[in-house]
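Enquirer: Dumping the structure here so I can ask a few things about it.
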Amino acid sequence: MISDDLFYISILLVAIVFFFLGAWFYRLVLWYPRGGRAVTGTKSMIGKIGQVVRDNGTNMVVRVDGQNWNAKYVGEHRPEVGDRVSIKDVNGLNLLVEEIKDGN
């Protein structure tokens with residue numbers, strides 16, 4: 001027979017091993033979702049679609065998800081008011097946007 005002390009020590013060691021395996025599995029499955037998009041922060045804005053609501057020549061304002069953001073355009077053509085734009089990057093509080101062509 002196994003003594004009581006050895007039994008409790010083996011139960012404790014098994015519990016510790018399963019704790020660390022569970023922590024590793026949690027990190028693997030929940031922290032690193034393969035192919036997932038960021039859901040918060042500036043990286044979550046990249047790839048979203050917005051609409052130009054104001055352009056006074058120097059500043060452009062784009063509405064994305066119901067919020068107005070200052071924007072700068074990248075690309076060949078400057079979008080006009082009412083055009084749909086795609087967010088390419090975020091620089092501080094400014095969005096870098098590109099006009100969506102009719103075919104896209």
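Ordering of the structure tokens sets the chain letters (A, B, ...); residue numbers start at 1 within each chain; ligands are numbered from 1 in the order shown.
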Would you list the contacts of Lys101 in chain A as a list of chain:residue names, taking every protein, DNA or RNA residue within 12 Å and counting only C-alpha atoms, but skipping same-chain residues closer than 4 positions in sequence?
Expert: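 My reading of the contact set: A:Gly75, A:Glu76, A:His77, A:Arg78, A:Pro79, A:Asp83, A:Arg84, A:Val85, A:Ser86.
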Enquirer: Would you mind listing what lies within 12 Å of Thr58 in chain A as a list in words, with only C-alpha atoms counted and same-chain residues fewer than 6 positions away left out?
Expert: Asn70, Ala71, Lys72, Tyr73 and Arg78 of chain A
Enquirer: Please determine, counting only C-alpha atoms, which residue among A:Asn68, A:Thr42, A:Asn59, A:Gln51 has the shortest atom-to-atom distance to Val90 in chain A.
Expert: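 Using only C-alpha atoms, the shortest distance to Val90 in chain A belongs to A:Thr42.
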Enquirer: Which residues are near Trp69 in chain A? Cut-off 8 Å, only C-alpha atoms, ignore same chain within fewer than 4 positions. Put them as a ChimeraX atom specification.
Expert: /A:61-64,93-95
Enquirer: How about saving the chosen residues, N, CA and C atoms kept, as a compact mmCIF listing (two decimals), in the first residue's frame?
Expert:
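To be explicit, this is the file written out as again_13.txt:
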```txt
# COMPACT_ATOMS: atom_id res chain seq x y z
N VAL A 61 -12.38 64.56 -42.59
CA VAL A 61 -13.03 63.86 -41.50
C VAL A 61 -13.75 62.65 -42.08
N VAL A 62 -13.49 61.49 -41.49
CA VAL A 62 -14.08 60.24 -41.95
C VAL A 62 -14.90 59.65 -40.82
N ARG A 63 -16.10 59.18 -41.13
CA ARG A 63 -16.95 58.53 -40.14
C ARG A 63 -16.77 57.02 -40.27
N VAL A 64 -16.37 56.41 -39.14
CA VAL A 64 -16.16 54.96 -39.07
C VAL A 64 -16.88 54.46 -37.83
N LEU A 93 -3.82 59.85 -33.85
CA LEU A 93 -5.27 59.96 -33.93
C LEU A 93 -5.74 60.21 -35.35
N ASN A 94 -4.86 60.06 -36.32
CA ASN A 94 -5.22 60.25 -37.72
C ASN A 94 -5.27 58.91 -38.44
N LEU A 95 -6.30 58.74 -39.25
CA LEU A 95 -6.41 57.54 -40.08
C LEU A 95 -5.77 57.81 -41.42
```
Enquirer: Run DSSP on the backbone of this structure and report the residues of chain A it assigns to alpha helix (DSSP H), as JSON, numbers by chain.
Expert: {"A": [4, 5, 6, 7, 8, 9, 10, 11, 12, 13, 14, 15, 16, 17, 18, 19, 20, 21, 22, 23, 24, 25, 26]}
Enquirer: What is the distance, in Å and to one decimal place, between CA of Leu13 in chain A and CA of Leu28 in chain A?
Expert: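 We find that CA of Leu13 in chain A and CA of Leu28 in chain A lie 22.7 Å from each other.
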Enquirer: Using only C-alpha atoms, pick whichever of A:Val81, A:Tyr26, A:Ile16, A:Gly41 has the shortest atom-to-atom distance to Val53 in chain A.
Expert: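 That would be A:Val81, the residue with the smallest distance to Val53 in chain A.
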Enquirer: Write out as an NGL selection string the set of residues from chain A that DSSP, computed on the backbone, places in strand (DSSP E).
Expert: :A and (49-55 or 60-64 or 67-73 or 84-91 or 94-99)
Enquirer: Just how far from CA of Phe19 in chain A is CA of Asp5 in chain A, in Å to one decimal?
Expert: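 These two atoms are separated by 21.1 Å.
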